[in-house]
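Note sheet for the following structure.
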Amino acid sequence: MTQRHTRRAVLGFTAKAAGLAAAGLTGTTTAAATSGADPATGTAPAAEAETIADVDLAVVSDAGRLPNLDAAGRIIGMVDAHAHLTACAGFGGDMRCGTPFAPGGIRAALAPCDSHIGIRPGSLLEAIIGNTDPLSPDASGWPAFSAWPRHNTLLHEQAYYQGIERAWRAGLRVVNTLLVSNRVITELYDAGRPCDEMDEIRAQARFIVDMQDYIDSLHGGPGQGWFRIARTPADIRSIAAQGKLAVVLGTENSELFGGRAIGDVARITTSDVDAGLDEMVALGICNLFPVHKFDNAFGGVRFDTGLNGAAVNVGNLLSTGHWWEVEAAVDGPPDNHQPLADDSIARLLSGGHSEIPAGAVAPVYPAGPIRNVRGLTDLGRYLIEGMMRRGMIINVDHMSAKTATAVLDIAEAAGYAGVMSAHSWSDRSVLERTLALGGFAAGYANAACCQGGNRPTYVAEWQANRCGASGSALAGYGFGSDVNGFGPQAAPRLDAATHPLPYPFTAPNGTRFDRMRMGERTFDLNTDGVAQYGLYADWYADVVQVAGDAGPQLQQDMLNGAEAFVAMWEAARAWN
């Protein structure tokens, strides 16, 4: 069975599952409806039980595991504040290879994909965004996994549910699952097939419930699994007290509620914003990105850089009718720089595209610190104030410097703590103000150190935040994996051969692990990096080891991450 057929099967039973009205994610879908479980017991069939043996989580011992709560009732555990567990059901459902679960287990979920072999759209797109080899004849997933997953295979599933289980067993207690979509990318990839980003968000909201129900079916029936959707801070506390994983829902898409602005004229109204926010609350979604990748009806975006920036700038033109427009950043934080003479954009334009205006001229940007001329719009202010009234968390990452500054001005004036920077996509001055408000911060889950290029390492970024002007407000610290997003996972450390993570290792929560196996492949952080989500257990231990004398403080900050996140959300909901 090809992967495309597997994905269609998963989406098919998602659409047919009972009890998934848009009014709420109640988890009422029966395990039998989604996984072929015995309807009388809710347990998995024998064929599925056999596939569990195809993965070895390599838990050596949990005898030293920390308790779920401390003496004061605070959660002990880590938070992934930026993950995309449902991405396979986004982008038209055909862009990615693999799913985090499937009837038939890992053999079906991570089967090879015809669409990613040779010169095909999937392999070509991944070559651009992940620097992979589109000519490689090896597209194997199960059982050899010789081609993928790798830390930079960005269009292949990297968060199979048993990998998530291993990370949970290592101390992960909250994962913020961002439902994701981008109309422009999807329509370009699928040759113009129409895409409605909000329909894709709704489909992913159903998909995550099916994933919960599937895991329940493997652990005795409804409500018995370790993977639990949390709609409120109280849900997180209850789930964490049981030692389970709380799955929080958010969105990260470029045209939230259809909020395009063409020629700086919004295509939606305040009524659309209110209806959209009410629907998000009903779906259990607690945090939103008002702006992502492109300028929109709510505000300006922070630029991508390099070749990615060139490509995203073309997308901005297709979405809005204009290129990114800049000004010198002389009196405030900048956005990411752009090439002075952007040959990358010129090359993209030379390929031609029917939606690009005839005679479009590639922009040339000035030297020195620059920023987007566009900030928060009046409709953007209405959105932010509506989120605050509903106790929702505002993601400031991806906002232009001017947009983020205006949002923080509003939050500071109101004393609103529900603000988050979760994967290093804001200027440091924005992050400092976020922490001072009582908001939450997480660093992108790069390698602990020595990863090459210009990417900041996780330990160095944590140290900068801990030592910054608002470092004393850092009650806990998270990581943003961006797993299944268009961003790489941590590469192997360049010094891993001489200073490896030793196996077996002890995770921050006291659990002992050896190397994880999937099918015929055994993973090692020292050579693979974070090739798939199960290696976050290894990565947790590695970042603490690499931090040296600061390791105990980093470990404590990470173990306080889930508590800091839920306390921030509680403060936001109590604001009214």
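In the structure tokens, chains take the letters A, B, ... in the order shown, each chain's residues start at 1, and ligands count up from 1 in the order shown.
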
Enumerate the residues of segment 86-121 of chain A with a DSSP assignment of alpha helix (DSSP H), computed from the backbone, and present them as a PDB file with C-alpha atoms, in the first residue's frame.
ATOM      1  CA  ILE A 106       3.735   1.443  12.154  1.00  0.00           C
ATOM      2  CA  ARG A 107       3.926  -0.771   9.065  1.00  0.00           C
ATOM      3  CA  ALA A 108       1.108   1.243   7.510  1.00  0.00           C
ATOM      4  CA  ALA A 109       1.748   4.628   9.129  1.00  0.00           C
ATOM      5  CA  PRO A 121       6.916  17.261  -6.137  1.00  0.00           C
TER       6      PRO A 121
END

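When only C-alpha atoms are used to compute distances to Ala89 of chain A, the closest of the residues A:Asn336, A:Thr186, A:Thr403, A:Ser421 turns out to be A:Thr186.
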
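Among the candidates A:Pro103, A:Pro290, A:Gly221, A:Gly438, the one nearest to Gly476 of chain A when counting only C-alpha atoms is A:Gly438.
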
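In this structure, atom CA of Ala240 of chain A sits 17.8 Å away from atom CA of Ala537 of chain A.
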
Rows by chain and residue number, segment 171-203 of chain A within 12 Å of segment 548-558 of chain A, shortest pair, only C-alpha atoms, as a tab-separated table:
residue	atom	partner	partner_atom	distance
A:Gly171	CA	A:Met558	CA	9.6
A:Leu172	CA	A:Met558	CA	9.6
A:Arg173	CA	A:Met558	CA	10.9
A:Val174	CA	A:Met558	CA	11.7

For the residues selected in the previous step, produce a file with N, CA and C atoms as a short mmCIF file (atom, residue, chain, number, x, y, z; two decimals), in the first residue's frame.
data_model
loop_
_atom_site.label_atom_id
_atom_site.label_comp_id
_atom_site.auth_asym_id
_atom_site.auth_seq_id
_atom_site.Cartn_x
_atom_site.Cartn_y
_atom_site.Cartn_z
N GLY A 171 9.62 12.51 30.75
CA GLY A 171 9.25 13.67 31.54
C GLY A 171 8.45 14.74 30.83
N LEU A 172 8.13 14.54 29.56
CA LEU A 172 7.28 15.50 28.84
C LEU A 172 5.86 15.42 29.41
N ARG A 173 5.31 16.57 29.80
CA ARG A 173 3.97 16.56 30.40
C ARG A 173 2.96 17.41 29.64
N VAL A 174 3.43 18.35 28.78
CA VAL A 174 2.52 19.16 27.97
C VAL A 174 3.12 19.28 26.57
#

- Which polymer residues have any atom within 7 Å of an atom of Tyr477 of chain A, counting only C-alpha atoms, with same-chain residues fewer than 3 positions away left out, as a PyMOL selection string? chain A and resi 441-442+474+557-558+560-561

Please, could you write that set of residues out with N, CA and C atoms as a PDB file, in the first residue's frame?
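Written file, selection.pdb:
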ATOM      1  N   ALA A 441       8.145  31.547  27.755  1.00  0.00           N
ATOM      2  CA  ALA A 441       9.187  31.484  26.731  1.00  0.00           C
ATOM      3  C   ALA A 441       9.681  30.058  26.561  1.00  0.00           C
ATOM      4  N   ALA A 442       9.979  29.708  25.325  1.00  0.00           N
ATOM      5  CA  ALA A 442      10.601  28.425  24.991  1.00  0.00           C
ATOM      6  C   ALA A 442      11.581  28.677  23.861  1.00  0.00           C
ATOM      7  N   LEU A 474      11.825  34.234  34.760  1.00  0.00           N
ATOM      8  CA  LEU A 474      11.771  32.951  34.087  1.00  0.00           C
ATOM      9  C   LEU A 474      11.440  31.865  35.101  1.00  0.00           C
ATOM     10  N   ASP A 557      14.805  24.366  35.340  1.00  0.00           N
ATOM     11  CA  ASP A 557      13.960  25.236  34.517  1.00  0.00           C
ATOM     12  C   ASP A 557      13.100  24.418  33.560  1.00  0.00           C
ATOM     13  N   MET A 558      13.673  23.379  32.964  1.00  0.00           N
ATOM     14  CA  MET A 558      12.908  22.537  32.032  1.00  0.00           C
ATOM     15  C   MET A 558      11.820  21.756  32.766  1.00  0.00           C
ATOM     16  N   ASN A 560      10.340  22.678  35.364  1.00  0.00           N
ATOM     17  CA  ASN A 560       9.323  23.655  35.769  1.00  0.00           C
ATOM     18  C   ASN A 560       8.528  24.181  34.580  1.00  0.00           C
ATOM     19  N   GLY A 561       8.863  23.718  33.365  1.00  0.00           N
ATOM     20  CA  GLY A 561       8.250  24.274  32.164  1.00  0.00           C
ATOM     21  C   GLY A 561       6.750  24.074  32.090  1.00  0.00           C
TER      22      GLY A 561
END

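Put simply, atom CA of Val566 of chain A is 19.4 Å away from atom CA of His84 of chain A.
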
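The shortest atom-to-atom distance to Thr511 of chain A, with only C-alpha atoms taken into account, belongs to A:Arg169 out of A:Ala473, A:Cys113, A:Phe486, A:Arg169.
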
- Spatial neighbours of segment 569-571 of chain A, max dist 10 Å, only C-alpha atoms, sep filter under 3 positions, as an MDAnalysis selection string: chainID A and resid 232:234 286:287 391:393 415:420 438:440 563:566 574:576

- For Asp278 of chain A, which residue among A:Met387, A:Val373, A:Leu154, A:Cys97 is the nearest when counting only C-alpha atoms? A:Met387

- Which is closer to Leu379 of chain A than all the others in A:Gly299, A:Pro333, A:Gly284, A:Pro194, using only C-alpha atoms? A:Gly299
